[in-house]
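Novice: For reference, the structure I am asking about is given below.
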Amino acid sequence: MNNVVTFDLCKNILRNIKKCLPAKISQYSVHEPNLSIKVKRELNNCLISTHISSSGKYIDKFSESLKDIIGSKYILLTNSGTSALFCAFNELDIKNQEVIVPSMTFVATPNSVIHAGGTPVFIDCSKSNLNIDKDDLEKYLIVNYKISNGECKNKKTGRVLRCIVVVHTYGEAANVNLICKLARKYNLEVIEDAAGALGTLRSNKHVGTVSRMGVISFNGNKIITTGMGGALIFKYKKDYESVKHKISTARIQHNWKVEHDMVGYNLRMANINAALGYGQIIDFEKILNKKRELYQRYCDMFSNNKYCYIKKSDNTSNNNWVTNLFLKDEFLDDHQTLIKYLQNHKIFVRELWKPMHLLPMFKKCNHSRIINAVKSWKTGISLPSSYYK
Ligand SMILES: Cc1ncc(COP(=O)(O)O)c(C=O)c1O
């Protein structure tokens, strides 16, 4: 690559990113918490109450706010998005079964499949966005699976394929309805990994509510953070009650007896973490608006850029958790230089998630011919996407 062009590309992109961000800040991360005085007040109330562990009013307050936002009756708070994912797969009981996972996701998705005893099978993302490619998935199912005795079986391994995970990647709504339709044809469950997608709607429905279970994360880099934390959304009361019991050490409800009826887990969110989340969620609409504004500024700024572009979503109600910028194909070789350059100027952009089928622990897992996810990874950068006061 021509050095003059590379230098111009770096300068151009730095200048345009800076124009979208507030000037007074000395450095920018991809996503950082913005904790207002309200958050500190709720946290302090929680400390004063001394209910900082597995019970307390903030667990109810935070869950009720989430139920309003998400529009679901059955929501459980967990101590991370990863544990919420694990609970979902554990509830389905995927032991010795296969699970379709998009290669473009965070490592927690396939990790949780493995922890619950399953085997991930990776599928490409689409060309126009980072969500699972329905056509690639369908082709892969036709070639590699057959229905036998009502179960979808891998023609080679003989293992049952149980479930498809739909990830709402970086907060952008995937078309779950299409995937659910395909899943019904093959007798498969669908789980939505909406870890970064709190506030994202598609066709007026909150993501995570279309399939049997959906997962949200409240890790420190999410729009609403509880430090670490997650939530599991259920379609069915039966799943909700079963998981609620399991993640609370399977303790039998009683005022003084301490008895358990199975080998349970302790994966609940603590009241102090819920207080942190509650202090932010009361301003959720304002936060979403700020994120929408920043996303719009990026889109306008890079709309006719000669070096790069933003993939415009077909869904207008995304939460814009993280905005990603992509270099045009001819500038692919400048990717690493650009990241270093921006970081040297205190814009701490990051690469996208390395596609899962390329990670050493998943190298032996089956996968489709993954082209789009690799290209997006090689050309994409996650821009500073926090909301500022
Ligand atoms: C797609 C996806 N799944 C799962 C997770 C895991 O959530 P947590 O970090 O809360 O465990 C994340 C976190 O970033 C994520 O982006």
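In the structure tokens, each chain is lettered A, B, ... as it comes, each chain's residues begin at 1, and ligands are numbered from 1 in order of appearance.
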Show me which residues line ligand 1, defined as having an atom within 7 Å of a ligand atom where only C-alpha atoms and all ligand atoms count, and present them as a PDB file with C-alpha atoms, in the first residue's frame.

Specialist:
```
ATOM      1  CA  SER A  80     -23.449 -12.289  33.946  1.00  0.00           C
ATOM      2  CA  GLY A  81     -24.705 -12.615  30.404  1.00  0.00           C
ATOM      3  CA  THR A  82     -22.529 -15.706  30.094  1.00  0.00           C
ATOM      4  CA  SER A  83     -24.292 -17.405  33.002  1.00  0.00           C
ATOM      5  CA  THR A 105     -20.175 -13.419  18.047  1.00  0.00           C
ATOM      6  CA  PHE A 106     -18.477 -12.900  21.382  1.00  0.00           C
ATOM      7  CA  ALA A 108     -19.249 -16.351  25.564  1.00  0.00           C
ATOM      8  CA  THR A 109     -21.829 -17.748  23.120  1.00  0.00           C
ATOM      9  CA  VAL A 167     -27.128 -13.204  18.081  1.00  0.00           C
ATOM     10  CA  THR A 169     -24.812  -8.578  16.926  1.00  0.00           C
ATOM     11  CA  TYR A 170     -23.497  -5.379  18.508  1.00  0.00           C
ATOM     12  CA  ASP A 193     -28.285 -13.882  22.394  1.00  0.00           C
ATOM     13  CA  ALA A 194     -29.325 -10.254  22.797  1.00  0.00           C
ATOM     14  CA  ALA A 195     -26.416  -9.571  25.186  1.00  0.00           C
ATOM     15  CA  GLY A 196     -25.698  -6.126  23.722  1.00  0.00           C
ATOM     16  CA  SER A 217     -25.764  -8.637  29.404  1.00  0.00           C
ATOM     17  CA  PHE A 218     -25.067  -5.813  31.847  1.00  0.00           C
ATOM     18  CA  ASN A 219     -21.298  -6.074  31.683  1.00  0.00           C
ATOM     19  CA  MET A 228     -21.219  -7.569  35.817  1.00  0.00           C
ATOM     20  CA  GLY A 229     -24.636  -9.054  35.281  1.00  0.00           C
ATOM     21  CA  GLY A 230     -27.183 -10.461  32.922  1.00  0.00           C
TER      22      GLY A 230
END
```

Novice: What is the distance, in Å and to one decimal place, between atom CA of Cys308 of chain A and atom CA of Lys291 of chain A?

Specialist: 21.0 Å

Novice: Step one, run DSSP on the backbone; step two, keep only residues of segment 61-142 of chain A assigned to strand (DSSP E); then write them as a ChimeraX atom specification.

Specialist: /A:74-78,98-102,119-123

Novice: Restrict the selected residues to C-alpha atoms and save them as a PDB file, in the first residue's frame.

Specialist:
```
ATOM      1  CA  TYR A  74     -40.741 -13.687  32.929  1.00  0.00           C
ATOM      2  CA  ILE A  75     -37.285 -12.254  33.506  1.00  0.00           C
ATOM      3  CA  LEU A  76     -34.540 -13.491  35.834  1.00  0.00           C
ATOM      4  CA  LEU A  77     -31.453 -11.524  36.801  1.00  0.00           C
ATOM      5  CA  THR A  78     -28.136 -13.376  36.682  1.00  0.00           C
ATOM      6  CA  GLU A  98     -25.104 -29.781  18.352  1.00  0.00           C
ATOM      7  CA  VAL A  99     -25.987 -26.102  18.429  1.00  0.00           C
ATOM      8  CA  ILE A 100     -25.757 -23.658  15.502  1.00  0.00           C
ATOM      9  CA  VAL A 101     -23.841 -20.525  16.533  1.00  0.00           C
ATOM     10  CA  PRO A 102     -22.894 -17.576  14.312  1.00  0.00           C
ATOM     11  CA  THR A 119     -21.002 -28.796  20.461  1.00  0.00           C
ATOM     12  CA  PRO A 120     -21.122 -25.539  18.496  1.00  0.00           C
ATOM     13  CA  VAL A 121     -21.386 -25.561  14.706  1.00  0.00           C
ATOM     14  CA  PHE A 122     -20.505 -22.219  13.138  1.00  0.00           C
ATOM     15  CA  ILE A 123     -22.358 -20.339  10.382  1.00  0.00           C
TER      16      ILE A 123
END
```

Novice: A:Val30, A:Ile37, A:Leu9, A:Ile224: which is nearest Phe348 of chain A, counting only C-alpha atoms?

Specialist: A:Val30

Novice: Extract, using only C-alpha atoms, all DNA, RNA and protein residues at most 10 Å from Asp283 of chain A, discarding same-chain residues fewer than 5 positions from it, and format them as a list in words.

Specialist: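 Counting only the stated atoms, we get Ser36, Lys38, Ile224, Tyr278 and Leu288 of chain A.
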
Novice: For the structure I just gave you, how does DSSP split segment 232-336 of chain A - specifically, which residues are alpha helix (DSSP H)? Reply as a PyMOL selection string.

Specialist: chain A and resi 237-247+271-281+284-301+335-336

Novice: Quick one: residues within 7 Å of Asn221 of chain A, only C-alpha atoms, excluding same-chain residues fewer than 3 positions away - as an NGL selection string?

Specialist: :A and (31-33)

Novice: Counting only C-alpha atoms, which residues in segment 246-348 of chain A sit no more than 10 Å from segment 174-177 of chain A? For each one, give the nearest pair of atoms and the distance in Å, sorted by chain then residue number, as JSON lines.

Specialist:
```
{"residue": "A:Ser313", "atom": "CA", "partner": "A:Ala174", "partner_atom": "CA", "distance": 9.9}
{"residue": "A:Asp314", "atom": "CA", "partner": "A:Ala174", "partner_atom": "CA", "distance": 9.7}
{"residue": "A:Asn315", "atom": "CA", "partner": "A:Ala174", "partner_atom": "CA", "distance": 8.7}
{"residue": "A:Asn318", "atom": "CA", "partner": "A:Ala174", "partner_atom": "CA", "distance": 10.0}
```

Novice: Can you tell me, as JSON, numbers by chain, what residues are no more than 12 Å from Asn289 of chain A when counting only C-alpha atoms, ignoring any on the same chain fewer than 6 positions away?

Specialist: {"A": [199, 223, 283, 295, 296, 317, 318, 319, 320, 321, 386, 387, 388, 389]}

Novice: Just to be explicit: take each residue in the selection above, keep C-alpha atoms, and write the result as an mmCIF file, in the first residue's frame.

Specialist:
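Result file follows (part-v4.cif):
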```
data_model
loop_
_atom_site.group_PDB
_atom_site.id
_atom_site.type_symbol
_atom_site.label_atom_id
_atom_site.label_comp_id
_atom_site.auth_asym_id
_atom_site.auth_seq_id
_atom_site.Cartn_x
_atom_site.Cartn_y
_atom_site.Cartn_z
ATOM 1 C CA GLY A 199 -33.633 -1.484 23.953
ATOM 2 C CA ILE A 223 -25.559 0.487 27.599
ATOM 3 C CA ASP A 283 -32.899 7.367 32.322
ATOM 4 C CA TYR A 295 -24.802 6.800 15.481
ATOM 5 C CA GLN A 296 -26.522 9.297 13.162
ATOM 6 C CA SER A 317 -35.023 0.600 16.171
ATOM 7 C CA ASN A 318 -31.575 -0.675 17.120
ATOM 8 C CA ASN A 319 -30.036 0.486 20.377
ATOM 9 C CA ASN A 320 -26.783 1.397 18.569
ATOM 10 C CA TRP A 321 -24.713 -0.221 21.278
ATOM 11 C CA SER A 386 -20.427 5.612 24.685
ATOM 12 C CA TYR A 387 -23.081 8.164 25.490
ATOM 13 C CA TYR A 388 -21.770 11.339 27.013
ATOM 14 C CA LYS A 389 -23.585 13.616 29.464
#
```

Novice: Work out how far atom CA of Lys73 of chain A is from atom CA of Tyr236 of chain A, in Å to one decimal.

Specialist: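 Computed distance, atom CA of Tyr236 of chain A to atom CA of Lys73 of chain A, equals 9.3 Å.
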
Novice: Find the residue from A:Cys10, A:Leu201, A:Leu35, A:Val4 that sits nearest to Gly220 of chain A; use only C-alpha atoms when measuring.

Specialist: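 That would be A:Leu35, the residue with the smallest distance to Gly220 of chain A.
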
Novice: Quick one: everything within 9 Å of Asp334 of chain A, counting only C-alpha atoms, minus sequence neighbours fewer than 2 positions away in the same chain. Send it as a list in words.

Specialist: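 In the requested form, the answer reads Met1, Thr6, Leu9, Cys10, Leu327, Phe331, Leu332, Gln336, Thr337, Leu338, Ile339 and Thr379 of chain A.
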
Novice: Fewer than 5 positions away in the same chain doesn't count, so skip those; otherwise give me all residues within 10 Å of segment 147-156 of chain A, counting only C-alpha atoms, as a ChimeraX atom specification.

Specialist: /A:97-98,141,161-163,185-188

Novice: Could you please take those selected residues and save C-alpha atoms as a PDB file, in the first residue's frame?

Specialist:
```pdb
ATOM      1  CA  GLN A  97     -26.105 -32.343  20.959  1.00  0.00           C
ATOM      2  CA  GLU A  98     -25.104 -29.781  18.352  1.00  0.00           C
ATOM      3  CA  LEU A 141     -28.842 -27.576   7.078  1.00  0.00           C
ATOM      4  CA  LEU A 161     -28.883 -30.765  16.212  1.00  0.00           C
ATOM      5  CA  ARG A 162     -30.978 -29.151  18.914  1.00  0.00           C
ATOM      6  CA  CYS A 163     -30.893 -25.438  18.630  1.00  0.00           C
ATOM      7  CA  LYS A 185     -39.021 -26.926   9.643  1.00  0.00           C
ATOM      8  CA  TYR A 186     -36.099 -28.765  11.251  1.00  0.00           C
ATOM      9  CA  ASN A 187     -37.650 -29.178  14.693  1.00  0.00           C
ATOM     10  CA  LEU A 188     -35.075 -26.934  16.363  1.00  0.00           C
TER      11      LEU A 188
END
```

Novice: Let me make sure I understand: among A:Leu137, A:Met269, A:Val349, A:Met301, which one has the smallest atom-to-atom distance to Arg369 of chain A if we use only C-alpha atoms?

Specialist: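 Distance minimum relative to Arg369 of chain A lands on A:Leu137.
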
Novice: Would you mind reading off the distance between atom CA of Lys146 of chain A and atom CA of Arg212 of chain A, one decimal, in Å?

Specialist: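 Going from atom CA of Lys146 of chain A over to atom CA of Arg212 of chain A, I get 23.0 Å.
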